[in-house]
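Visitor: So I've got this file, data.txt, and it contains compact mmCIF, C-alpha atoms:
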# COMPACT_ATOMS: atom_id res chain seq x y z
CA MET Q 1 46.95 -19.11 49.09
CA LYS Q 2 48.35 -15.84 47.83
CA LYS Q 3 46.33 -13.72 45.51
CA THR Q 4 48.52 -11.20 43.79
CA ARG Q 5 46.09 -8.60 42.51
CA ILE Q 6 42.66 -7.39 43.47
CA ARG Q 7 40.43 -7.41 40.38
CA VAL Q 8 37.38 -5.17 40.22
CA LEU Q 9 34.67 -4.75 37.61
CA VAL Q 10 33.50 -1.16 37.35
CA GLY Q 11 30.34 -0.62 35.37
CA LYS Q 12 27.35 1.53 34.73
CA PRO Q 13 24.04 -0.26 34.58
CA GLY Q 14 20.93 1.20 33.06
CA LEU Q 15 20.25 4.18 30.91
CA ASP Q 16 22.02 7.05 32.61
CA GLY Q 17 25.14 8.08 30.75
CA HIS Q 18 27.00 10.02 33.42
CA ASP Q 19 30.18 8.04 33.80
CA ARG Q 20 32.51 10.64 35.29
CA GLY Q 21 32.13 9.12 38.74
CA ALA Q 22 32.76 5.58 37.51
CA LYS Q 23 35.88 6.74 35.68
CA VAL Q 24 37.23 8.57 38.73
CA ILE Q 25 36.76 5.43 40.81
CA ALA Q 26 38.34 3.23 38.12
CA ARG Q 27 41.35 5.50 38.04
CA ALA Q 28 41.66 5.63 41.84
CA LEU Q 29 41.54 1.84 42.09
CA ARG Q 30 44.15 1.55 39.35
CA ASP Q 31 46.41 3.88 41.31
CA ALA Q 32 45.87 1.71 44.36
CA GLY Q 33 47.32 -1.21 42.39
CA MET Q 34 44.10 -2.97 41.43
CA GLU Q 35 43.18 -4.36 38.04
CA VAL Q 36 40.01 -2.62 36.96
CA ILE Q 37 37.87 -4.05 34.20
CA TYR Q 38 35.84 -1.17 32.87
CA SER Q 39 32.63 -2.33 31.26
CA GLY Q 40 31.41 0.93 29.79
CA LEU Q 41 27.91 2.34 29.73
CA HIS Q 42 24.39 0.94 29.54
CA GLN Q 43 25.04 -2.47 31.05
CA THR Q 44 22.30 -4.84 32.07
CA PRO Q 45 22.75 -6.66 35.39
CA GLU Q 46 23.10 -9.85 33.29
CA GLN Q 47 26.01 -8.39 31.34
CA LEU Q 48 27.72 -7.19 34.51
CA VAL Q 49 27.44 -10.53 36.26
CA GLU Q 50 28.61 -12.46 33.22
CA ALA Q 51 31.62 -10.15 32.88
CA ALA Q 52 32.36 -10.48 36.60
CA ILE Q 53 32.43 -14.26 36.29
CA GLN Q 54 34.58 -14.40 33.16
CA GLU Q 55 37.02 -11.88 34.58
CA ASP Q 56 37.06 -13.61 37.98
CA VAL Q 57 36.79 -10.33 39.86
CA ASP Q 58 36.69 -10.02 43.64
CA LEU Q 59 34.27 -7.14 43.54
CA ILE Q 60 31.76 -5.39 41.32
CA GLY Q 61 31.42 -1.62 41.66
CA VAL Q 62 28.50 0.03 39.95
CA SER Q 63 27.49 3.63 39.68
CA VAL Q 64 23.78 4.39 39.62
CA LEU Q 65 22.55 7.94 39.17
CA SER Q 66 19.23 7.14 37.56
CA GLY Q 67 17.18 6.33 40.66
CA ALA Q 68 16.92 2.67 39.71
CA HIS Q 69 19.08 1.52 42.62
CA MET Q 70 16.28 -0.35 44.41
CA THR Q 71 15.94 -2.59 41.36
CA ILE Q 72 19.51 -2.85 40.10
CA PHE Q 73 21.40 -3.84 43.25
CA PRO Q 74 19.02 -6.64 44.32
CA ARG Q 75 18.96 -7.93 40.75
CA ILE Q 76 22.76 -8.14 40.51
CA LYS Q 77 22.90 -9.94 43.87
CA GLU Q 78 20.23 -12.37 42.75
CA LEU Q 79 22.10 -13.17 39.53
CA LEU Q 80 25.36 -13.69 41.43
CA LYS Q 81 23.56 -16.19 43.65
CA GLU Q 82 22.08 -17.96 40.65
CA GLN Q 83 25.54 -18.24 39.12
CA ASN Q 84 26.99 -19.66 42.31
CA ALA Q 85 29.17 -16.59 42.67
CA LYS Q 86 28.07 -15.24 46.02
CA ASP Q 87 31.68 -14.63 46.98
CA ILE Q 88 31.89 -11.73 44.53
CA LEU Q 89 31.22 -8.57 46.54
CA LEU Q 90 29.07 -5.69 45.34
CA MET Q 91 29.60 -2.02 46.05
CA GLY Q 92 27.80 0.96 44.63
CA GLY Q 93 27.91 4.67 44.30
CA GLY Q 94 25.63 7.45 43.21
CA THR Q 95 22.81 9.62 44.40
CA ILE Q 96 20.95 7.30 46.73
CA PRO Q 97 18.71 8.48 49.61
CA GLU Q 98 19.72 7.56 53.16
CA GLU Q 99 16.70 5.37 53.83
CA ASP Q 100 17.29 3.38 50.65
CA ILE Q 101 20.90 2.84 51.63
CA ALA Q 102 19.80 1.43 54.96
CA THR Q 103 17.31 -0.88 53.29
CA LEU Q 104 19.75 -2.16 50.65
CA ILE Q 105 22.51 -2.83 53.16
CA GLU Q 106 20.14 -4.46 55.61
CA ASN Q 107 18.59 -6.85 53.14
CA GLY Q 108 22.02 -7.79 51.81
CA SER Q 109 21.57 -6.36 48.32
CA VAL Q 110 24.91 -4.61 48.46
CA GLU Q 111 27.99 -4.63 50.72
CA ALA Q 112 28.64 -0.90 50.65
CA LEU Q 113 27.27 2.29 49.11
CA PHE Q 114 29.20 5.50 48.65
CA THR Q 115 27.39 8.74 47.97
CA PRO Q 116 28.71 12.09 46.68
CA GLY Q 117 31.35 13.41 49.04
CA ALA Q 118 32.92 10.01 49.72
CA THR Q 119 36.66 10.15 49.14
CA THR Q 120 38.53 7.72 46.92
CA THR Q 121 40.82 6.92 49.87
CA GLU Q 122 37.78 5.86 51.88
CA ILE Q 123 36.64 3.59 49.06
CA VAL Q 124 40.07 2.06 48.50
CA SER Q 125 40.55 1.27 52.18
CA TRP Q 126 37.07 -0.24 52.41
CA ILE Q 127 37.92 -2.58 49.52
CA GLU Q 128 41.32 -3.52 50.88
CA GLU Q 129 39.96 -4.24 54.31
CA LYS Q 130 36.97 -6.18 53.08
CA LEU Q 131 39.01 -8.34 50.72
CA SER Q 132 41.85 -9.07 53.07
CA LEU Q 133 39.29 -10.40 55.51
CA SER Q 134 37.48 -12.61 53.05
CA LYS Q 135 40.40 -13.60 50.83
CA GLY Q 136 40.88 -16.83 52.71
CA ASP Q 137 37.40 -17.96 51.67
CA VAL Q 138 37.75 -16.95 48.04
CA VAL Q 139 39.96 -19.82 47.06
CA MET F 1 44.64 -26.45 47.76
CA ASN F 2 45.14 -30.19 47.49
CA LYS F 3 45.60 -31.91 44.18
CA GLU F 4 42.25 -33.64 44.38
CA THR F 5 40.36 -30.33 44.63
CA LEU F 6 42.48 -28.89 41.85
CA ASP F 7 41.73 -31.89 39.66
CA GLN F 8 38.03 -31.27 40.22
CA TRP F 9 38.40 -27.67 39.07
CA ILE F 10 40.27 -28.83 35.97
CA GLU F 11 37.57 -31.40 35.29
CA ARG F 12 35.00 -28.61 35.47
CA LEU F 13 37.01 -26.58 32.98
CA PHE F 14 36.89 -29.46 30.51
CA ASP F 15 33.13 -29.59 31.16
CA GLN F 16 33.00 -25.99 29.95
CA ASP F 17 32.11 -24.54 33.34
CA ARG F 18 32.71 -20.80 33.07
CA ARG F 19 33.42 -20.17 36.73
CA ALA F 20 36.08 -22.88 36.79
CA THR F 21 37.59 -21.57 33.58
CA ALA F 22 37.83 -18.08 35.06
CA LYS F 23 39.31 -19.32 38.35
CA LEU F 24 41.93 -21.48 36.67
CA ILE F 25 42.94 -18.55 34.46
CA SER F 26 43.46 -16.44 37.60
CA TRP F 27 45.55 -19.12 39.29
CA VAL F 28 47.77 -19.58 36.27
CA GLU F 29 48.11 -15.81 35.97
CA ASP F 30 48.97 -15.53 39.67
CA ASP F 31 51.39 -18.46 39.42
CA ILE F 32 49.39 -20.63 41.80
CA GLU F 33 49.89 -24.31 40.89
CA ARG F 34 50.57 -23.11 37.35
CA ALA F 35 52.74 -26.04 36.27
CA TYR F 36 50.31 -28.62 37.63
CA ILE F 37 47.30 -27.01 35.96
CA MET F 38 49.03 -26.50 32.63
CA ARG F 39 50.43 -30.01 32.47
CA SER F 40 46.90 -31.38 32.75
CA VAL F 41 45.47 -28.94 30.23
CA LEU F 42 48.23 -29.00 27.62
CA LYS F 43 47.83 -32.76 27.24
CA GLN F 44 44.44 -32.15 25.67
CA THR F 45 44.96 -28.87 23.85
CA GLY F 46 47.19 -27.25 21.25
CA HIS F 47 45.12 -28.27 18.27
CA ARG F 48 43.24 -25.06 17.64
CA MET F 49 44.95 -22.18 15.92
CA VAL F 50 45.30 -18.77 17.52
CA VAL F 51 44.68 -15.54 15.68
CA GLY F 52 46.68 -12.65 17.13
CA ILE F 53 45.55 -9.10 16.58
CA THR F 54 48.20 -6.46 17.15
CA GLY F 55 48.76 -2.81 16.25
CA PRO F 56 49.09 0.66 17.74
CA PRO F 57 46.73 1.96 20.46
CA GLY F 58 43.37 3.00 19.11
CA SER F 59 43.85 1.32 15.74
CA GLY F 60 40.66 -0.69 16.21
CA LYS F 61 41.92 -4.04 17.48
CA SER F 62 39.06 -4.61 19.89
CA SER F 63 36.48 -3.60 17.30
CA LEU F 64 37.98 -6.05 14.82
CA VAL F 65 37.97 -8.80 17.45
CA GLU F 66 34.31 -8.08 18.02
CA ALA F 67 33.59 -8.13 14.28
CA LEU F 68 35.40 -11.46 13.81
CA THR F 69 33.61 -12.89 16.82
CA LYS F 70 30.30 -12.04 15.22
CA LEU F 71 31.28 -13.88 12.03
CA TYR F 72 32.39 -16.94 13.98
CA ARG F 73 29.18 -16.88 15.99
CA ASP F 74 27.20 -16.81 12.75
CA ASN F 75 28.76 -20.25 12.09
CA ASP F 76 27.84 -21.30 15.60
CA GLU F 77 31.49 -21.58 16.63
CA ARG F 78 32.55 -20.88 20.22
CA VAL F 79 34.99 -18.02 20.64
CA GLY F 80 37.61 -17.47 23.36
CA ILE F 81 39.19 -14.04 23.58
CA VAL F 82 42.20 -12.84 25.56
CA ALA F 83 42.67 -9.08 25.54
CA VAL F 84 45.75 -7.47 27.05
CA ASP F 85 46.05 -3.89 28.30
CA PRO F 86 49.03 -2.27 30.02
CA SER F 87 49.60 -2.34 33.77
CA SER F 88 50.84 0.80 35.48
CA PRO F 89 54.60 0.82 36.07
CA TYR F 90 53.95 2.83 39.25
CA SER F 91 51.09 1.12 41.05
CA GLY F 92 50.91 -2.18 39.17
CA GLY F 93 47.20 -1.52 38.69
CA ALA F 94 45.51 -1.39 35.32
CA ILE F 95 42.40 -0.25 33.53
CA LEU F 96 41.30 -3.06 31.28
CA GLY F 97 38.88 -1.57 28.78
CA ASP F 98 38.76 -3.95 25.85
CA ARG F 99 35.38 -5.35 26.84
CA ILE F 100 33.75 -1.99 26.11
CA ARG F 101 34.04 -2.70 22.40
CA MET F 102 32.79 -6.26 22.75
CA GLN F 103 29.39 -5.58 24.27
CA ALA F 104 27.37 -7.44 21.68
CA HIS F 105 28.62 -10.77 23.04
CA GLY F 106 28.42 -9.81 26.70
CA THR F 107 25.85 -12.43 27.63
CA ASP F 108 26.56 -14.98 24.94
CA ARG F 109 27.56 -18.17 26.78
CA ASN F 110 29.56 -19.27 23.75
CA VAL F 111 31.93 -16.34 23.95
CA PHE F 112 34.45 -15.99 26.77
CA ILE F 113 36.34 -12.72 27.09
CA ARG F 114 39.22 -12.37 29.50
CA SER F 115 41.10 -9.12 30.07
CA MET F 116 44.65 -9.14 31.36
CA GLY F 117 47.13 -6.53 32.56
CA THR F 118 50.74 -6.86 31.36
CA ARG F 119 52.01 -6.88 34.99
CA GLY F 120 55.40 -5.59 33.98
CA HIS F 121 55.92 -7.92 31.05
CA LEU F 122 57.08 -6.28 27.84
CA GLY F 123 56.50 -7.67 24.39
CA GLY F 124 52.81 -6.85 24.02
CA VAL F 125 51.43 -9.82 25.95
CA THR F 126 51.87 -11.19 29.48
CA ARG F 127 53.93 -13.96 31.04
CA SER F 128 51.01 -16.33 30.99
CA THR F 129 49.10 -15.37 27.85
CA ALA F 130 50.09 -18.47 25.91
CA ASP F 131 48.84 -20.67 28.74
CA ILE F 132 45.59 -18.79 29.15
CA VAL F 133 44.77 -19.24 25.48
CA ARG F 134 45.16 -23.00 25.98
CA LEU F 135 42.91 -22.93 29.05
CA LEU F 136 40.22 -21.41 26.86
CA GLU F 137 40.79 -24.11 24.27
CA GLY F 138 40.42 -26.69 27.03
CA ALA F 139 37.11 -25.10 27.97
CA GLY F 140 35.82 -25.76 24.47
CA TYR F 141 36.40 -22.47 22.72
CA GLY F 142 37.48 -23.46 19.23
CA ARG F 143 38.18 -20.03 17.86
CA LEU F 144 40.93 -18.33 19.79
CA LEU F 145 41.53 -14.62 19.44
CA LEU F 146 44.34 -12.79 21.18
CA GLU F 147 44.50 -9.04 21.29
CA THR F 148 47.81 -7.50 22.35
CA VAL F 149 48.31 -4.19 24.12
CA GLY F 150 48.61 -1.25 21.78
CA VAL F 151 52.09 -1.75 20.39
CA GLY F 152 54.78 0.45 18.87
CA GLN F 153 57.37 -1.04 16.58
CA SER F 154 58.96 -3.90 18.40
CA GLU F 155 56.55 -5.73 20.68
CA LEU F 156 56.78 -9.00 18.85
CA GLU F 157 56.00 -11.76 21.31
CA ILE F 158 52.68 -12.29 19.59
CA MET F 159 54.53 -14.16 16.86
CA GLN F 160 55.44 -16.84 19.37
CA ILE F 161 51.86 -17.39 20.45
CA ALA F 162 49.61 -16.69 17.47
CA ASP F 163 49.52 -18.90 14.40
CA THR F 164 48.17 -16.07 12.31
CA VAL F 165 49.38 -12.58 13.15
CA VAL F 166 47.13 -9.75 11.99
CA VAL F 167 48.81 -6.34 12.14
CA VAL F 168 46.29 -3.51 12.27
CA LEU F 169 47.29 -0.09 10.95
CA ASN F 170 45.43 3.12 10.15
CA PRO F 171 45.68 5.47 7.18
CA GLY F 172 47.94 8.45 7.58
CA ALA F 173 50.29 6.80 10.06
CA GLY F 174 53.68 7.51 8.54
CA ASP F 175 55.16 7.46 5.07
CA GLY F 176 56.58 4.67 2.94
CA ILE F 177 59.73 4.33 4.98
CA GLN F 178 57.73 3.12 8.00
CA ALA F 179 56.65 0.19 5.89
CA ILE F 180 60.19 -1.06 5.28
CA LYS F 181 61.44 -0.77 8.85
CA ALA F 182 62.25 -3.89 10.77
CA GLY F 183 60.00 -5.12 13.56
CA ILE F 184 56.28 -5.32 13.58
CA MET F 185 55.98 -4.90 9.82
CA GLU F 186 57.93 -8.13 9.38
CA VAL F 187 55.80 -10.39 11.55
CA ALA F 188 52.44 -9.82 9.87
CA ASP F 189 50.73 -12.74 8.16
CA ILE F 190 47.92 -10.38 7.27
CA PHE F 191 47.91 -6.59 7.17
CA VAL F 192 44.72 -4.75 7.98
CA ILE F 193 44.31 -1.08 7.23
CA ASN F 194 41.40 -0.29 9.51
CA LYS F 195 39.41 2.95 9.48
CA SER F 196 39.95 2.76 5.73
CA ASP F 197 37.09 5.21 5.25
CA LEU F 198 39.67 7.87 6.19
CA PRO F 199 41.82 9.39 3.43
CA GLY F 200 45.15 7.76 2.63
CA ALA F 201 44.14 4.09 2.90
CA GLU F 202 44.93 3.18 -0.71
CA ARG F 203 48.22 5.04 -0.55
CA MET F 204 49.19 3.08 2.54
CA LYS F 205 48.19 -0.18 0.92
CA GLY F 206 50.48 0.74 -1.97
CA ASP F 207 53.40 1.37 0.39
CA ILE F 208 52.93 -1.97 2.11
CA GLU F 209 52.52 -3.86 -1.18
CA MET F 210 55.75 -2.28 -2.39
CA MET F 211 57.52 -3.44 0.76
CA LEU F 212 56.12 -6.93 0.22
CA ASN F 213 57.42 -6.96 -3.35
CA LEU F 214 60.91 -6.72 -1.89
CA SER F 215 60.55 -9.70 0.42
CA CYS F 216 61.55 -12.63 -1.70
CA GLY F 217 61.78 -16.27 -0.82
CA LYS F 218 58.66 -16.39 1.33
CA THR F 219 55.92 -18.74 0.23
CA TRP F 220 53.13 -16.81 1.94
CA ARG F 221 52.61 -13.26 0.78
CA PRO F 222 50.68 -11.34 3.45
CA PRO F 223 47.51 -9.89 1.98
CA VAL F 224 46.66 -6.26 2.72
CA VAL F 225 43.00 -5.92 3.68
CA LEU F 226 41.16 -2.62 3.90
CA THR F 227 38.52 -2.64 6.62
CA SER F 228 36.16 -0.19 8.22
CA VAL F 229 34.35 -1.54 11.24
CA THR F 230 31.97 1.42 11.39
CA ASP F 231 30.96 0.95 7.73
CA ASN F 232 31.05 -2.85 8.07
CA LYS F 233 33.50 -3.14 5.17
CA GLY F 234 36.20 -5.68 4.46
CA LEU F 235 35.43 -7.83 7.50
CA GLU F 236 34.39 -10.92 5.58
CA LEU F 237 37.47 -10.56 3.42
CA LEU F 238 39.58 -10.51 6.58
CA TYR F 239 37.78 -13.63 7.79
CA ASP F 240 38.56 -15.35 4.46
CA LYS F 241 42.21 -14.35 4.56
CA ILE F 242 42.58 -15.78 8.07
CA GLU F 243 41.06 -19.06 6.85
CA ALA F 244 43.41 -19.02 3.85
CA HIS F 245 46.45 -18.47 6.03
CA GLN F 246 45.54 -21.27 8.40
CA ALA F 247 44.95 -23.61 5.47
CA TYR F 248 48.37 -22.60 4.15
CA LEU F 249 50.01 -23.40 7.49
CA LEU F 250 48.56 -26.89 7.45
CA GLU F 251 49.24 -27.67 3.79
CA SER F 252 52.77 -26.34 3.77
CA GLY F 253 53.73 -28.30 6.87
CA GLN F 254 54.67 -25.05 8.59
CA ARG F 255 52.24 -25.67 11.38
CA ASP F 256 54.19 -28.71 12.59
CA GLN F 257 57.46 -26.84 12.30
CA GLN F 258 55.96 -23.93 14.21
CA ARG F 259 54.69 -26.15 17.01
CA LYS F 260 58.12 -27.66 17.45
CA GLU F 261 59.78 -24.25 17.63
CA ARG F 262 57.19 -23.02 20.08
CA LEU F 263 57.67 -25.89 22.44
CA HIS F 264 61.32 -24.96 22.53
CA GLN F 265 60.51 -21.28 23.06
CA GLU F 266 58.17 -22.15 25.89
CA VAL F 267 61.04 -23.91 27.63
CA TRP F 268 63.09 -20.74 27.29
CA ARG F 269 60.27 -18.70 28.75
CA LEU F 270 59.90 -20.97 31.76
CA TRP F 271 63.62 -20.72 32.41
CA GLU F 272 63.30 -16.99 32.08
CA ASP F 273 60.60 -16.98 34.77
CA LYS F 274 62.81 -18.99 37.09
CA ALA F 275 65.76 -16.70 36.41
CA LEU F 276 63.67 -13.60 37.04
CA ASP F 277 62.52 -14.97 40.38
CA ALA F 278 66.13 -15.65 41.35
CA PHE F 279 67.18 -12.17 40.23
CA GLU F 280 64.43 -10.62 42.27
CA ILE F 281 65.83 -12.18 45.42
CA MET F 282 69.36 -11.04 44.54
CA TRP F 283 68.08 -7.59 43.73
CA GLU F 284 66.32 -7.17 47.02
CA ALA F 285 69.48 -8.24 48.76
CA THR F 286 71.42 -5.51 46.98
CA SER F 287 69.37 -2.44 47.79
CA GLY F 288 70.62 -2.07 51.36
CA LYS F 289 74.23 -2.66 50.38
CA LEU F 290 74.66 0.24 48.00
CA VAL F 291 75.35 2.84 50.65
CA ASN F 292 78.20 4.80 49.24
CA ILE F 293 77.00 5.78 45.79
CA ASP F 294 80.20 7.61 44.94
CA GLN F 295 82.34 4.52 45.34
CA GLU F 296 80.10 1.73 44.11
CA ASP F 297 79.91 1.00 40.44
CA PRO F 298 77.29 -1.26 38.87
CA TYR F 299 79.79 -3.50 37.06
CA GLU F 300 81.63 -4.35 40.25
CA VAL F 301 78.45 -4.95 42.26
CA ALA F 302 76.87 -7.05 39.52
CA GLN F 303 79.97 -9.21 39.23
CA ARG F 304 80.39 -9.67 42.96
CA LEU F 305 76.79 -10.68 43.64
CA TRP F 306 76.70 -12.93 40.63
CA GLN F 307 79.75 -14.78 41.90
CA GLU F 308 78.32 -15.03 45.40
CA ARG F 309 75.13 -16.51 44.03
CA PHE F 310 76.43 -18.77 41.28
CA LYS F 311 79.96 -19.50 42.58
CA GLY F 312 82.05 -18.52 39.61
CA GLY F 313 81.11 -17.19 36.18
Kindly present the structure from the file in structure tokens form.

Guide:
Amino acid sequence: MKKTRIRVLVGKPGLDGHDRGAKVIARALRDAGMEVIYSGLHQTPEQLVEAAIQEDVDLIGVSVLSGAHMTIFPRIKELLKEQNAKDILLMGGGTIPEEDIATLIENGSVEALFTPGATTTEIVSWIEEKLSLSKGDVV
Amino acid sequence: MNKETLDQWIERLFDQDRRATAKLISWVEDDIERAYIMRSVLKQTGHRMVVGITGPPGSGKSSLVEALTKLYRDNDERVGIVAVDPSSPYSGGAILGDRIRMQAHGTDRNVFIRSMGTRGHLGGVTRSTADIVRLLEGAGYGRLLLETVGVGQSELEIMQIADTVVVVLNPGAGDGIQAIKAGIMEVADIFVINKSDLPGAERMKGDIEMMLNLSCGKTWRPPVVLTSVTDNKGLELLYDKIEAHQAYLLESGQRDQQRKERLHQEVWRLWEDKALDAFEIMWEATSGKLVNIDQEDPYEVAQRLWQERFKGG
């Protein structure tokens, strides 16, 4: 079944208000032909997951610069499971230490994490590849 | 997907399942089994009235939608919102940012907000907006709010979808002559001058009232409401005027008339979709053929391909 547009929710959970990174990503995904729902600042994981469900996105991308990544990513994943929406992928970006990245990826709290220095091209191709592989299961 | 599975999804929509509602919206938007889905849903919908909010970019449409939603929620009514933002003409992508203003209802299970990109459709809405509003009605949202893209002067398709059209303007946007131009100023059932805490609001109200004095023969005179979302002013008045307009539609019999006209318009739109699909195929076939740009002219090519495709005409 054809799916015409990739839809992504880009949001900023928690209290940090630095949204430059999130906006750059939103813009890059737009230019790659995706529909980006931008949630704005200070989102709770509950708000993000609810928005992701209503907007029927393929992927949630969140930017975390506050150091709360070990709480936020697992919480979003847990809520997606509760809502029967495990097929919605989760990616993140921000200042996250290497060992935390390894832990989060290993325990399945997030599909991918991009840290400062990652290029938008890299992120776009990751999304395209990941979704073309799993698209068959989405519907 | 087989029909049985699809029927189950539709059943879940009627059971107010949010995931199913969201999925069915996507399928209709992506033209996947659209006719089948809509024929099931339209049988049971079409009763609730749609309030359309339109106006220039940044005039405060999303904030007004949020404010109205709050008032409806105070009555314990369920609210379905469709918010449209423009798609890029280059990449086809879009940034859909209307939710930012609607945070207060982000986790309220009785509010459903869906953002849409125009995907190349002009007119202020999208190809499937009318259908998506009905999907939300099917999912039990009794108050239906539709926010258009930020419009200029002539994106008027909202009038074919909304029962009550609210045109949102801001003080200081043009002189009296703007008020008597054709287009968006003619389709309003209610005028809102938002950000009315800024200077010039009363003056603008005067200009619009003067324009309305010239429109004779209409039984509904659009009220001009001054609002300020930041100061929480005029919002209940707007709510009342929307109620008054919907009561007027029912009492005057215009609602039935409108529904008949819309059914007809919908048929036109579906033909239009079919025609566009056919044109797309013809268009793709053309691109390789226009080699010698000095000798080809568009009238000749258009005529020739049209005849090839439709045998005559």

Visitor: Within 8 Å of chain F, which residues belong to chain Q? Use all atoms listed in the file and report them as a VMD selection string.

Guide: chain Q and resid 1 to 4 26 to 27 29 to 40 46 to 47 50 to 51 53 to 56

Visitor: Just how far from atom CA of F:His245 is atom CA of F:Thr164, in Å to one decimal?

Guide: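 According to the coordinates, atom CA of F:Thr164 and atom CA of F:His245 are separated by 6.9 Å.
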
Visitor: What is the distance, in Å and to one decimal place, between atom CA of F:Val187 and atom CA of F:Glu202?

Guide: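 Atom CA of F:Val187 sits 21.3 Å away from atom CA of F:Glu202.
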
Visitor: Residues near stretch 95-105 of chain Q, anyone? I mean within 8 Å using all atoms listed in the file, not counting same-chain ones fewer than 2 positions away, as a ChimeraX atom specification.

Guide: /Q:64-65,67,69-70,73-74,93,107-113,115-116

Visitor: Any idea what's packed within 10 Å of stretch 209-224 of chain F, counting only C-alpha atoms, ignoring anything in its chain fewer than 6 positions away? Could you give it as a PyMOL selection string?

Guide: chain F and resi 165-168+176-181+185-193+203+238+241-242+245+248-249+252

Visitor: Grab the atom CA of F:Ile184 to atom CA of F:Asp163 distance for me, in Å with one decimal place.

Guide: 15.2 Å

Visitor: Find the residue from Q:Ile76, Q:Ala22, Q:Ile127, Q:Ala28 that sits nearest to Q:Ala52; use all atoms listed in the file when measuring.

Guide: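 Checking each candidate against Q:Ala52, we get Q:Ile76 as the closest.
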
Visitor: Using only C-alpha atoms, find all polymer residues with an atom at most 8 Å away from the point (24.8, 7.7, 30.1); report them as a PyMOL selection string.

Guide: chain Q and resi 15-19+41-42

Visitor: Would you save the residues of that selection, restricted to C-alpha atoms, as a CSV table (one decimal), keeping the file's coordinate frame?

Guide:
chain,number,residue,atom,x,y,z
Q,15,LEU,CA,20.2,4.2,30.9
Q,16,ASP,CA,22.0,7.0,32.6
Q,17,GLY,CA,25.1,8.1,30.8
Q,18,HIS,CA,27.0,10.0,33.4
Q,19,ASP,CA,30.2,8.0,33.8
Q,41,LEU,CA,27.9,2.3,29.7
Q,42,HIS,CA,24.4,0.9,29.5
